[in-house]
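Reviewing the structure listed below.
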Amino acid sequence: MNFALSPDQEQIRDAIERVCAPFDADYWLRKDQEGGFPHEFHQALAASGWLGIAMPEAYGGAGLGISEAALMMHTISATGAGLSGASAVHMNIFGLHPVVVFGNETQKKRWLPPLIAGTDRACFAVTEPNTGLNTLKLKTFAAREGDHYVVHGQKVWISTALVANKMLLLARTTPIENCKGTEGLSLFYTDLDRSKVEVREIEKMGRKCVDSNQVFIDGLHIPVEDRIGEEGQGFSYILHGLNPERILIASEAVGLGRAALKRAAGYANEREVFGRTIGQNQSIQHPLAKSWMELEAADLMVHKAAWLYDQNLPCAAEANSAKYLAAEACYHACENAIFTHGGMGYAKEYHVERYLRESWIPRLAPVSPQLILCFIAEKVLGLPKSY
């Protein structure tokens, strides 16, 4: 059992750090204040070839595993870019996994290279306002009319829809009363036609530079060739992307927590009160030491889950656990960073208040901590289903 990064993984980490270096804390502070998608950052990663890290080499990707993708996302977040930086490229890493697995050759050649090159940007339209995590009850409907579908419906909390030109859409193609089990939903990857799709940004607590939106779809035409796989099987297709998504968001959370911890320790070593640095006080030391241990433990679960996934072994329990543990460790590290800074922790110029606001994202999305606990109780411990 080897816990060390391989030489190739060390090179990935170092290369990502170099790409991120020009985008310092002040850059992300400006983006947090002014908003606007971080186009320069996105293009820097695209120009360096990193947007396709987990995509097949045949279409311009690097063909690496989720372990390497998680390392990349952790590194981005840990540089101080946090969830703002990670979310700007998150969709590229896992979002089109259903296309890689279930798309035909023509679709892969048409869709993957532009996404990897950064000329296409995609959003992932699944969640709806009245169904939440109950995905099988989605109401957005795609009616087949000859060689195309006509879509009507509404989605919510759709990231990057303001800047995307493509949309990965899960919609109902069979009335819910005629469906059995997980059937009846179909998956599409298509142009985001703004004459038929209205996007309204949701003002939110943090991560201002990566938009979150309500999306209203009224008569969007989707060619049949933009449907991924078989009609009615879309839910089973998106399941293949859920575990990698949890692993990646967990790695981003660990990175954000470490960025906060680094700032807190630096401040504690410099700030003097009563003739000595505050870092000499155990009331400052102990919470930070605890956060270090929590982040290390969460990181180990991230690596275990990613390794299992890359070995094609079951990893649902580990992926969900990684997401839960990393989100909690991140939140506590960011909270402790503010406490360490005292009143200055409330000031934007010290950055840690931004980190705390962003730390809520992995706690809330893409699945609630309560549902993760329910999953572990039922699937791992054999307890009866509670909902």
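Going through the structure tokens in order, the chains are called A, B, and so on, while each chain numbers its residues from 1 and the ligands are numbered from 1 in the order shown.
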Write out as a PDB file with C-alpha atoms, in the first residue's frame the set of residues from stretch 86-282 of chain A that DSSP, computed on the backbone, places in helix (DSSP H, G or I).
```
ATOM      1  CA  ALA A  86     -12.889  24.586  -9.338  1.00  0.00           C
ATOM      2  CA  SER A  87     -16.481  25.205 -10.414  1.00  0.00           C
ATOM      3  CA  ALA A  88     -15.307  27.033 -13.531  1.00  0.00           C
ATOM      4  CA  VAL A  89     -13.976  23.734 -14.937  1.00  0.00           C
ATOM      5  CA  HIS A  90     -15.840  21.128 -12.871  1.00  0.00           C
ATOM      6  CA  MET A  91     -18.346  20.308 -15.626  1.00  0.00           C
ATOM      7  CA  ASN A  92     -15.561  19.394 -18.048  1.00  0.00           C
ATOM      8  CA  ILE A  93     -14.175  16.743 -15.760  1.00  0.00           C
ATOM      9  CA  PHE A  94     -17.235  14.617 -15.025  1.00  0.00           C
ATOM     10  CA  HIS A  97     -18.971  11.053 -18.770  1.00  0.00           C
ATOM     11  CA  PRO A  98     -22.311   9.652 -20.054  1.00  0.00           C
ATOM     12  CA  VAL A  99     -21.240  10.665 -23.575  1.00  0.00           C
ATOM     13  CA  VAL A 100     -17.892   8.892 -23.138  1.00  0.00           C
ATOM     14  CA  VAL A 101     -19.605   5.703 -21.935  1.00  0.00           C
ATOM     15  CA  PHE A 102     -22.894   5.673 -23.862  1.00  0.00           C
ATOM     16  CA  GLU A 105     -18.664   7.409 -32.201  1.00  0.00           C
ATOM     17  CA  THR A 106     -20.179  10.258 -34.196  1.00  0.00           C
ATOM     18  CA  GLN A 107     -21.370  11.994 -31.025  1.00  0.00           C
ATOM     19  CA  LYS A 108     -18.003  11.660 -29.315  1.00  0.00           C
ATOM     20  CA  LYS A 109     -16.155  13.112 -32.306  1.00  0.00           C
ATOM     21  CA  ARG A 110     -18.662  15.957 -32.538  1.00  0.00           C
ATOM     22  CA  TRP A 111     -18.938  16.887 -28.871  1.00  0.00           C
ATOM     23  CA  LEU A 112     -15.784  16.043 -26.937  1.00  0.00           C
ATOM     24  CA  PRO A 113     -12.986  17.901 -28.800  1.00  0.00           C
ATOM     25  CA  PRO A 114     -14.653  21.354 -28.585  1.00  0.00           C
ATOM     26  CA  LEU A 115     -15.294  20.889 -24.868  1.00  0.00           C
ATOM     27  CA  ILE A 116     -11.697  19.838 -24.251  1.00  0.00           C
ATOM     28  CA  ALA A 117     -10.401  22.762 -26.315  1.00  0.00           C
ATOM     29  CA  THR A 135     -34.942  12.751  -9.853  1.00  0.00           C
ATOM     30  CA  LEU A 136     -37.365  10.057 -10.995  1.00  0.00           C
ATOM     31  CA  LYS A 137     -40.201  12.572 -10.613  1.00  0.00           C
ATOM     32  CA  ILE A 176     -44.702   9.265 -15.410  1.00  0.00           C
ATOM     33  CA  GLU A 177     -47.881   7.204 -15.043  1.00  0.00           C
ATOM     34  CA  ASN A 178     -46.653   4.898 -17.819  1.00  0.00           C
ATOM     35  CA  VAL A 224     -32.853  12.904 -32.331  1.00  0.00           C
ATOM     36  CA  GLU A 225     -29.117  12.601 -32.980  1.00  0.00           C
ATOM     37  CA  ASP A 226     -28.532  14.715 -29.852  1.00  0.00           C
ATOM     38  CA  GLY A 234     -31.288   8.506 -19.268  1.00  0.00           C
ATOM     39  CA  PHE A 235     -31.501   8.019 -15.517  1.00  0.00           C
ATOM     40  CA  SER A 236     -29.312   4.909 -15.653  1.00  0.00           C
ATOM     41  CA  TYR A 237     -26.801   6.853 -17.757  1.00  0.00           C
ATOM     42  CA  ILE A 238     -26.373   9.738 -15.323  1.00  0.00           C
ATOM     43  CA  LEU A 239     -25.847   7.284 -12.453  1.00  0.00           C
ATOM     44  CA  HIS A 240     -22.439   6.503 -13.975  1.00  0.00           C
ATOM     45  CA  GLY A 241     -21.369  10.079 -13.313  1.00  0.00           C
ATOM     46  CA  LEU A 242     -22.583  10.393  -9.727  1.00  0.00           C
ATOM     47  CA  ASN A 243     -19.700   8.670  -7.953  1.00  0.00           C
ATOM     48  CA  PRO A 244     -16.977  10.584  -9.820  1.00  0.00           C
ATOM     49  CA  GLU A 245     -18.857  13.810  -9.143  1.00  0.00           C
ATOM     50  CA  ARG A 246     -18.882  13.103  -5.417  1.00  0.00           C
ATOM     51  CA  ILE A 247     -15.180  12.280  -5.491  1.00  0.00           C
ATOM     52  CA  LEU A 248     -14.321  15.478  -7.325  1.00  0.00           C
ATOM     53  CA  ILE A 249     -16.398  17.760  -5.100  1.00  0.00           C
ATOM     54  CA  ALA A 250     -14.801  16.071  -2.072  1.00  0.00           C
ATOM     55  CA  SER A 251     -11.307  16.740  -3.439  1.00  0.00           C
ATOM     56  CA  GLU A 252     -12.239  20.381  -4.061  1.00  0.00           C
ATOM     57  CA  ALA A 253     -13.529  20.681  -0.503  1.00  0.00           C
ATOM     58  CA  VAL A 254     -10.290  19.309   0.933  1.00  0.00           C
ATOM     59  CA  GLY A 255      -8.360  21.791  -1.194  1.00  0.00           C
ATOM     60  CA  LEU A 256     -10.470  24.710  -0.004  1.00  0.00           C
ATOM     61  CA  GLY A 257     -10.089  23.623   3.618  1.00  0.00           C
ATOM     62  CA  ARG A 258      -6.326  23.441   3.212  1.00  0.00           C
ATOM     63  CA  ALA A 259      -6.227  26.901   1.640  1.00  0.00           C
ATOM     64  CA  ALA A 260      -8.094  28.273   4.666  1.00  0.00           C
ATOM     65  CA  LEU A 261      -5.869  26.385   7.105  1.00  0.00           C
ATOM     66  CA  LYS A 262      -2.725  27.728   5.429  1.00  0.00           C
ATOM     67  CA  ARG A 263      -3.952  31.309   5.769  1.00  0.00           C
ATOM     68  CA  ALA A 264      -4.955  30.742   9.385  1.00  0.00           C
ATOM     69  CA  ALA A 265      -1.594  29.260  10.353  1.00  0.00           C
ATOM     70  CA  GLY A 266       0.234  32.072   8.566  1.00  0.00           C
ATOM     71  CA  TYR A 267      -1.781  34.724  10.358  1.00  0.00           C
ATOM     72  CA  ALA A 268      -1.329  32.964  13.732  1.00  0.00           C
ATOM     73  CA  ASN A 269       2.445  33.011  13.242  1.00  0.00           C
ATOM     74  CA  GLU A 270       2.487  36.732  12.469  1.00  0.00           C
ATOM     75  CA  ILE A 278      -1.284  34.267  18.956  1.00  0.00           C
ATOM     76  CA  GLY A 279      -0.134  30.967  17.438  1.00  0.00           C
ATOM     77  CA  GLN A 280       1.630  30.260  20.727  1.00  0.00           C
ATOM     78  CA  GLN A 282      -3.281  26.523  22.637  1.00  0.00           C
TER      79      GLN A 282
END
```
Report the residues of stretch 188-322 of chain A whose backbone DSSP state falls under strand (DSSP E), written as a PyMOL selection string.
chain A and resi 188-191+197-201+212-223+227-228+272-273+276-277
Output the selection as an mmCIF file, in the first residue's frame - C-alpha atoms for each residue.
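Writing done, so here's out-v4.cif:
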```cif
data_model
loop_
_atom_site.group_PDB
_atom_site.id
_atom_site.type_symbol
_atom_site.label_atom_id
_atom_site.label_comp_id
_atom_site.auth_asym_id
_atom_site.auth_seq_id
_atom_site.Cartn_x
_atom_site.Cartn_y
_atom_site.Cartn_z
ATOM 1 C CA PHE A 188 -29.644 14.835 -24.363
ATOM 2 C CA TYR A 189 -26.586 16.926 -25.178
ATOM 3 C CA THR A 190 -27.626 19.815 -27.350
ATOM 4 C CA ASP A 191 -27.253 23.478 -28.227
ATOM 5 C CA VAL A 197 -34.328 28.886 -23.233
ATOM 6 C CA GLU A 198 -34.488 31.724 -20.703
ATOM 7 C CA VAL A 199 -31.760 31.857 -18.078
ATOM 8 C CA ARG A 200 -32.242 33.849 -14.876
ATOM 9 C CA GLU A 201 -29.308 34.128 -12.515
ATOM 10 C CA SER A 212 -26.179 29.558 -10.794
ATOM 11 C CA ASN A 213 -29.507 29.871 -12.534
ATOM 12 C CA GLN A 214 -33.143 29.122 -13.065
ATOM 13 C CA VAL A 215 -33.691 27.835 -16.597
ATOM 14 C CA PHE A 216 -37.039 28.035 -18.388
ATOM 15 C CA ILE A 217 -37.405 25.887 -21.523
ATOM 16 C CA ASP A 218 -40.236 26.730 -23.899
ATOM 17 C CA GLY A 219 -40.355 24.788 -27.154
ATOM 18 C CA LEU A 220 -36.684 23.860 -27.480
ATOM 19 C CA HIS A 221 -36.132 21.629 -30.527
ATOM 20 C CA ILE A 222 -33.578 18.852 -29.992
ATOM 21 C CA PRO A 223 -32.563 16.641 -32.941
ATOM 22 C CA ARG A 227 -30.049 12.011 -27.663
ATOM 23 C CA ILE A 228 -27.489 9.919 -25.774
ATOM 24 C CA GLU A 272 1.139 39.520 18.029
ATOM 25 C CA VAL A 273 -1.014 40.255 21.068
ATOM 26 C CA ARG A 276 3.641 37.133 21.710
ATOM 27 C CA THR A 277 2.242 35.588 18.564
#
```
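Among A:Tyr346, A:Trp360, A:Phe124, A:Phe141, the residue with the shortest atom-to-atom distance to A:Leu185, counting only C-alpha atoms, is A:Phe141.
Nearest-residue note for A:Thr174: choosing from A:Ala142, A:Leu192, A:Val150, A:Leu308, the minimum distance belongs to A:Ala142, counting only C-alpha atoms.
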For a quick check of understanding, using only C-alpha atoms, which of A:Gln33, A:Ser186, A:Asn320, A:Asn165 has the smallest distance to A:Val151?
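Closest to A:Val151 of all the choices is A:Ser186.
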Pick from A:Ala47, A:Met293, A:Met167, A:Val156 nearest to A:Gly132, counting only C-alpha atoms
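The closest residue to A:Gly132 is A:Val156.
With only C-alpha atoms as the atoms that count, the minimum distance from A:Glu40 to the choices A:Pro22, A:Pro175, A:Gly229, A:Pro56 is reached by A:Pro22.
Relative to atom CA of A:Met73, atom CA of A:Val163 is found at 20.7 Å.
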Pairwise distance for atom CA of A:Arg18 and atom CA of A:Ile338, rounded to one decimal in Å:
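Interatomic distance, atom CA of A:Arg18 to atom CA of A:Ile338: 27.7 Å.
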Atom CA of A:Asp147 to atom CA of A:Ala122, distance in Å rounded to a single decimal
23.4 Å
Residue among A:Leu356, A:Cys179, A:Ala25, A:Ala319 lying closest to A:Glu335, counting only C-alpha atoms:
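Answer, going by the shortest atom-to-atom distance: A:Leu356.
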